[in-house]
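Encoded as structure tokens, the structure appears first; notes follow it.
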Amino acid sequence: MTEFTTSLAAFAAGPITTTLQTRVVTSLSVLDWIAVGRAGVDEPVSRTVRDLVLGEGGAEQAHLFGGGGAPLRGAALVNGTVSHALDYDDTHFAHIGHPSVAVLPAALAISEWDDRILVDFLEAALVGMETSIRIGLWLGRDHYQAGFHQTATSGAFGAAVAAGRILGFDVEQMRKVLGLTATRAAGLKAQFGTMGKPYNAGLAASAGVEAALLVASGFDPNSDALEGSYGFGATHKGQSDIAASLDGLGAEWLFESVSHKFHACCHGLHAALEAARDLDIAEPEVAEIKIKTHPRWMSVCNQTSPTTGLGAKFSYRTVIAMQALGYDTALPGSYSDKTCADPRLVSLRDRVSVEADDSLSETQAQLTLLRRDGARREATHDLLAPMTLSDREDRVRGKANKLIGTDVADAVWSMLRTGGRARDLSALLKG
């Protein structure tokens with residue numbers, strides 16, 4: 001039996017120990033996921049995928065964002081796609097993937113269908129998200145650089161494990177679900193900037209549900225297909241150091257360092273926006289702004305002069321100009337074609353320059369502000385800088401309040417903290 005698969009299976013099927021920090025961060029990610037999902041229901045990709053699934057009919061086994069119900073695989077497909085439609089969900093930089101949008105739709109659909117309590121759902125979700133991160137580390141950066149979308153690939157394995165845990169899988173069944181998912185996990189970075197990117201998240205969630213249900217019904221795949229000969233790692237530019245990928249598994253939760261988005265744009269832009277919070281960049285005092293970032297982001301989110309709201313979400317120059325002009329970068333509606341055409345923004349954007357600096361990590365950015373009075377100021381921010389649990393809660397809940405209203409956000413948070421049944425939480429997806 002292969003070492004990595006067996007270790008992950010034992011972790012996924014076994015008892016776990018969590019801390020207050022782990023539990024709160026997990027609950028915050030669920031709140032965040034529900035907020036961005038409800039806020040994204042009217043996006044074109046959301047309507048298209050919802051219409052497809054609802055048009056097929058079938059048993060209403062799980063709730064959908066926007067209302068209605070669908071069979072489990074369809075519900076996971078819709079809810080994964082919708083919650084990633086705004087690209088406003090959490091990111092884990094260990095492997096550059098979005099854990100929640102792949103794992104939570106699968107875990108919640110199965111939990112609702114199996115009538116589980118929220119504690120079971122949250123535990124399975126945590127184990128699934130941790131598994132996706134560990135597999136993402138094992139696949140490594142070569143996998144990502146080759147063009148594979150980690151949210152879709154490693155996320156599918158996390159979704160399958162979360163669903164399997166709800167269904168009570170033992171170690172051998174967990175090995176089987178990992179092996180079966182290896183033949184279903186897919187997603188390409190070529191879809192970035194299109195409807196295909198959020199669809200990748202939905203595919204991962206749906207694939208995880210499908211694999212778990214098949215294994216639960218006795219399906220017998222090659223359990224070594226994750227890392228064995230001709231397996232997923234070998235055929236997808238993966239298979240990094242196993243020991244490093246498993247280090248601390250079961251004792252240390254890498255998911256705790258997940259980064260929540262507080263700006264409704266590509267996460268690669270967030271360190272620069274957070275640095276800008278520490279500087280007075282308000283117009284009309286700005287003469288010039290220089291941004292330094294890790295080279296990786298230059299090809300991801302450095303559109304120089306976008307004309308669409310979607311393009312603005314991938315443009316350093318645009319988002320920094322927006323912040324200087326008082327646009328609320330936390331609100332999806334701020335990113336529009338009209339904003340890009342604002343003459344004030346165009347003028348200021350032309351005074352913003354971006355350059356790569358390989359001395360910075362992928363989570364860092366440095367801003368240098370030159371004011372009209374000749375003053376020069378500088379700030380650096382790292383998205384991995386420690387954030388107190390209280391500060392994280394304040395910012396995530398504040399974001400949720402803006403997206404779905406304080407009453408709904410408070411209701412979701414109260415349910416997550418005090419308990420209940422998964423079906424009650426699912427009912428809050430409808431909007």
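Within each chain, counting starts at residue 1; across the structure tokens, chains are named A, B, ... in the order shown, with ligands numbered 1 upward in that order.
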Problem set entry | Surrounding residues of Met415 in chain A excluding itself and chain neighbours under 4 positions, 12 Å, only C-alpha atoms, as JSON, numbers by chain | {"A": [27, 28, 30, 31, 117, 118, 119, 122, 408, 409, 410, 411, 419, 420, 421, 422, 423, 424, 425, 426, 427, 428]}
Emit the selected residues as a short mmCIF file (atom, residue, chain, number, x, y, z; two decimals), in the first residue's frame, including all heavy atoms.
data_model
loop_
_atom_site.label_atom_id
_atom_site.label_comp_id
_atom_site.auth_asym_id
_atom_site.auth_seq_id
_atom_site.Cartn_x
_atom_site.Cartn_y
_atom_site.Cartn_z
N SER A 27 -15.38 27.71 11.46
CA SER A 27 -16.71 28.33 11.44
C SER A 27 -16.70 29.64 10.67
O SER A 27 -17.66 29.95 9.94
CB SER A 27 -17.19 28.56 12.87
OG SER A 27 -17.43 27.34 13.54
N LEU A 28 -15.64 30.42 10.80
CA LEU A 28 -15.54 31.67 10.06
C LEU A 28 -15.49 31.42 8.56
O LEU A 28 -16.06 32.17 7.76
CB LEU A 28 -14.32 32.47 10.51
CG LEU A 28 -14.43 33.16 11.87
CD1 LEU A 28 -13.08 33.73 12.30
CD2 LEU A 28 -15.48 34.27 11.83
N VAL A 30 -16.89 28.91 7.04
CA VAL A 30 -18.26 28.54 6.62
C VAL A 30 -19.11 29.80 6.48
O VAL A 30 -19.85 29.95 5.49
CB VAL A 30 -18.89 27.56 7.62
CG1 VAL A 30 -20.34 27.28 7.24
CG2 VAL A 30 -18.11 26.26 7.66
N LEU A 31 -19.04 30.71 7.46
CA LEU A 31 -19.77 31.97 7.35
C LEU A 31 -19.37 32.72 6.10
O LEU A 31 -20.21 33.23 5.34
CB LEU A 31 -19.52 32.83 8.60
CG LEU A 31 -20.02 34.28 8.54
CD1 LEU A 31 -21.54 34.32 8.40
CD2 LEU A 31 -19.57 35.06 9.78
N ILE A 117 -25.80 16.49 12.49
CA ILE A 117 -25.71 17.71 13.27
C ILE A 117 -24.54 18.55 12.75
O ILE A 117 -23.63 18.05 12.08
CB ILE A 117 -25.55 17.43 14.78
CG1 ILE A 117 -24.27 16.63 15.05
CG2 ILE A 117 -26.79 16.72 15.32
CD1 ILE A 117 -23.97 16.45 16.54
N LEU A 118 -24.55 19.84 13.09
CA LEU A 118 -23.53 20.74 12.56
C LEU A 118 -22.13 20.39 13.03
O LEU A 118 -21.15 20.63 12.31
CB LEU A 118 -23.86 22.19 12.96
CG LEU A 118 -24.95 22.86 12.12
CD1 LEU A 118 -25.28 24.24 12.66
CD2 LEU A 118 -24.51 22.95 10.66
N VAL A 119 -22.02 19.82 14.22
CA VAL A 119 -20.68 19.42 14.70
C VAL A 119 -20.07 18.40 13.74
O VAL A 119 -18.87 18.48 13.40
CB VAL A 119 -20.77 18.84 16.13
CG1 VAL A 119 -19.44 18.21 16.53
CG2 VAL A 119 -21.15 19.93 17.13
N LEU A 122 -19.02 20.30 10.50
CA LEU A 122 -17.82 21.13 10.68
C LEU A 122 -16.56 20.28 10.81
O LEU A 122 -15.51 20.63 10.28
CB LEU A 122 -17.99 22.02 11.92
CG LEU A 122 -19.03 23.14 11.78
CD1 LEU A 122 -19.31 23.78 13.14
CD2 LEU A 122 -18.57 24.20 10.79
N VAL A 408 -28.94 38.30 8.67
CA VAL A 408 -28.66 36.97 8.14
C VAL A 408 -27.28 36.49 8.61
O VAL A 408 -27.11 35.34 9.03
CB VAL A 408 -28.72 36.96 6.61
CG1 VAL A 408 -28.33 35.59 6.07
CG2 VAL A 408 -30.12 37.33 6.13
N ALA A 409 -26.30 37.38 8.54
CA ALA A 409 -24.95 37.01 8.95
C ALA A 409 -24.92 36.59 10.42
O ALA A 409 -24.27 35.60 10.79
CB ALA A 409 -23.98 38.16 8.72
N ASP A 410 -25.64 37.31 11.25
CA ASP A 410 -25.70 36.97 12.68
C ASP A 410 -26.41 35.64 12.89
O ASP A 410 -26.01 34.86 13.77
CB ASP A 410 -26.42 38.07 13.46
CG ASP A 410 -25.57 39.32 13.66
OD1 ASP A 410 -24.35 39.25 13.36
OD2 ASP A 410 -26.11 40.34 14.12
N ALA A 411 -27.44 35.37 12.10
CA ALA A 411 -28.16 34.10 12.23
C ALA A 411 -27.26 32.92 11.87
O ALA A 411 -27.25 31.88 12.55
CB ALA A 411 -29.40 34.11 11.35
N GLY A 419 -24.80 25.42 17.50
CA GLY A 419 -25.18 24.08 17.07
C GLY A 419 -26.55 24.04 16.42
O GLY A 419 -27.27 25.03 16.32
N GLY A 420 -26.90 22.87 15.96
CA GLY A 420 -28.15 22.66 15.25
C GLY A 420 -27.94 21.52 14.26
O GLY A 420 -27.02 20.72 14.40
N ARG A 421 -28.77 21.49 13.26
CA ARG A 421 -28.67 20.44 12.25
C ARG A 421 -28.22 21.04 10.92
O ARG A 421 -28.51 22.19 10.61
CB ARG A 421 -30.00 19.70 12.08
CG ARG A 421 -30.56 19.15 13.41
CD ARG A 421 -31.47 17.97 13.18
NE ARG A 421 -30.74 16.75 12.84
CZ ARG A 421 -30.13 15.97 13.76
NH1 ARG A 421 -30.14 16.29 15.04
NH2 ARG A 421 -29.50 14.86 13.35
N ALA A 422 -27.54 20.21 10.15
CA ALA A 422 -27.00 20.69 8.87
C ALA A 422 -28.11 21.20 7.96
O ALA A 422 -27.93 22.17 7.22
CB ALA A 422 -26.22 19.58 8.19
N ARG A 423 -29.27 20.56 8.01
CA ARG A 423 -30.37 20.97 7.13
C ARG A 423 -30.82 22.40 7.44
O ARG A 423 -31.29 23.12 6.54
CB ARG A 423 -31.54 20.00 7.24
CG ARG A 423 -32.19 19.92 8.60
CD ARG A 423 -33.50 19.11 8.55
NE ARG A 423 -34.14 19.05 9.85
CZ ARG A 423 -34.05 18.02 10.68
NH1 ARG A 423 -33.34 16.95 10.34
NH2 ARG A 423 -34.66 18.04 11.86
N ASP A 424 -30.70 22.81 8.71
CA ASP A 424 -31.10 24.18 9.08
C ASP A 424 -30.11 25.20 8.50
O ASP A 424 -30.52 26.29 8.08
CB ASP A 424 -31.19 24.31 10.60
CG ASP A 424 -32.24 23.40 11.19
OD1 ASP A 424 -33.30 23.21 10.56
OD2 ASP A 424 -31.99 22.83 12.28
N LEU A 425 -28.83 24.84 8.51
CA LEU A 425 -27.84 25.73 7.92
C LEU A 425 -28.04 25.79 6.40
O LEU A 425 -27.96 26.87 5.79
CB LEU A 425 -26.43 25.26 8.25
CG LEU A 425 -25.29 26.16 7.77
CD1 LEU A 425 -25.31 27.49 8.50
CD2 LEU A 425 -23.92 25.47 7.97
N SER A 426 -28.30 24.65 5.78
CA SER A 426 -28.51 24.60 4.34
C SER A 426 -29.68 25.48 3.91
O SER A 426 -29.67 26.08 2.83
CB SER A 426 -28.77 23.17 3.88
OG SER A 426 -27.61 22.39 3.98
N ALA A 427 -30.69 25.55 4.76
CA ALA A 427 -31.85 26.36 4.42
C ALA A 427 -31.51 27.84 4.29
O ALA A 427 -32.23 28.60 3.62
CB ALA A 427 -32.95 26.17 5.47
N LEU A 428 -30.40 28.25 4.91
CA LEU A 428 -29.99 29.65 4.85
C LEU A 428 -29.23 29.98 3.57
O LEU A 428 -28.84 31.13 3.35
CB LEU A 428 -29.12 30.00 6.06
CG LEU A 428 -29.83 29.92 7.42
CD1 LEU A 428 -28.84 30.22 8.55
CD2 LEU A 428 -30.99 30.91 7.47
#
Wanna dump the range 266-332 of chain A-range 87-101 of chain A contacts at 9 Å for me, each residue with its shortest atom pair and the distance in Å to one decimal, counting only C-alpha atoms, ordered by chain and number, as JSON lines?
{"residue": "A:Cys266", "atom": "CA", "partner": "A:Asp87", "partner_atom": "CA", "distance": 6.8}
{"residue": "A:His267", "atom": "CA", "partner": "A:Thr91", "partner_atom": "CA", "distance": 7.5}
{"residue": "A:Lys313", "atom": "CA", "partner": "A:Asp87", "partner_atom": "CA", "distance": 9.0}
{"residue": "A:Pro332", "atom": "CA", "partner": "A:Tyr88", "partner_atom": "CA", "distance": 8.6}
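When only C-alpha atoms are used to measure the gap to Met195 in chain A, the shortest distance among A:Glu283, A:Val82, A:Leu269, A:Arg277 belongs to A:Val82.
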For this session: Fewer than 5 positions away in the same chain doesn't count, so skip those; otherwise give me all residues within 10 Å of Gly164 in chain A, counting only C-alpha atoms, as number ranges by chain.
Result: A: 12-13, 106-107, 110, 124, 128, 158-159, 169-170, 173-174, 177-178, 208-209, 211-213, 215-216
Exercise. Suppose you want the space between CA of His149 in chain A and CA of Tyr199 in chain A; what is it in Å?
Worked result: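 Rounded to one decimal, the two atoms are 11.3 Å apart.
Pairwise distance (CA of Val346 in chain A, CA of Ala287 in chain A) equals 13.9 Å.
Taking only C-alpha atoms into account, Glu288 in chain A lies nearest to A:Gly374 out of the set A:Pro15, A:Gly136, A:Gly374, A:Gly80.
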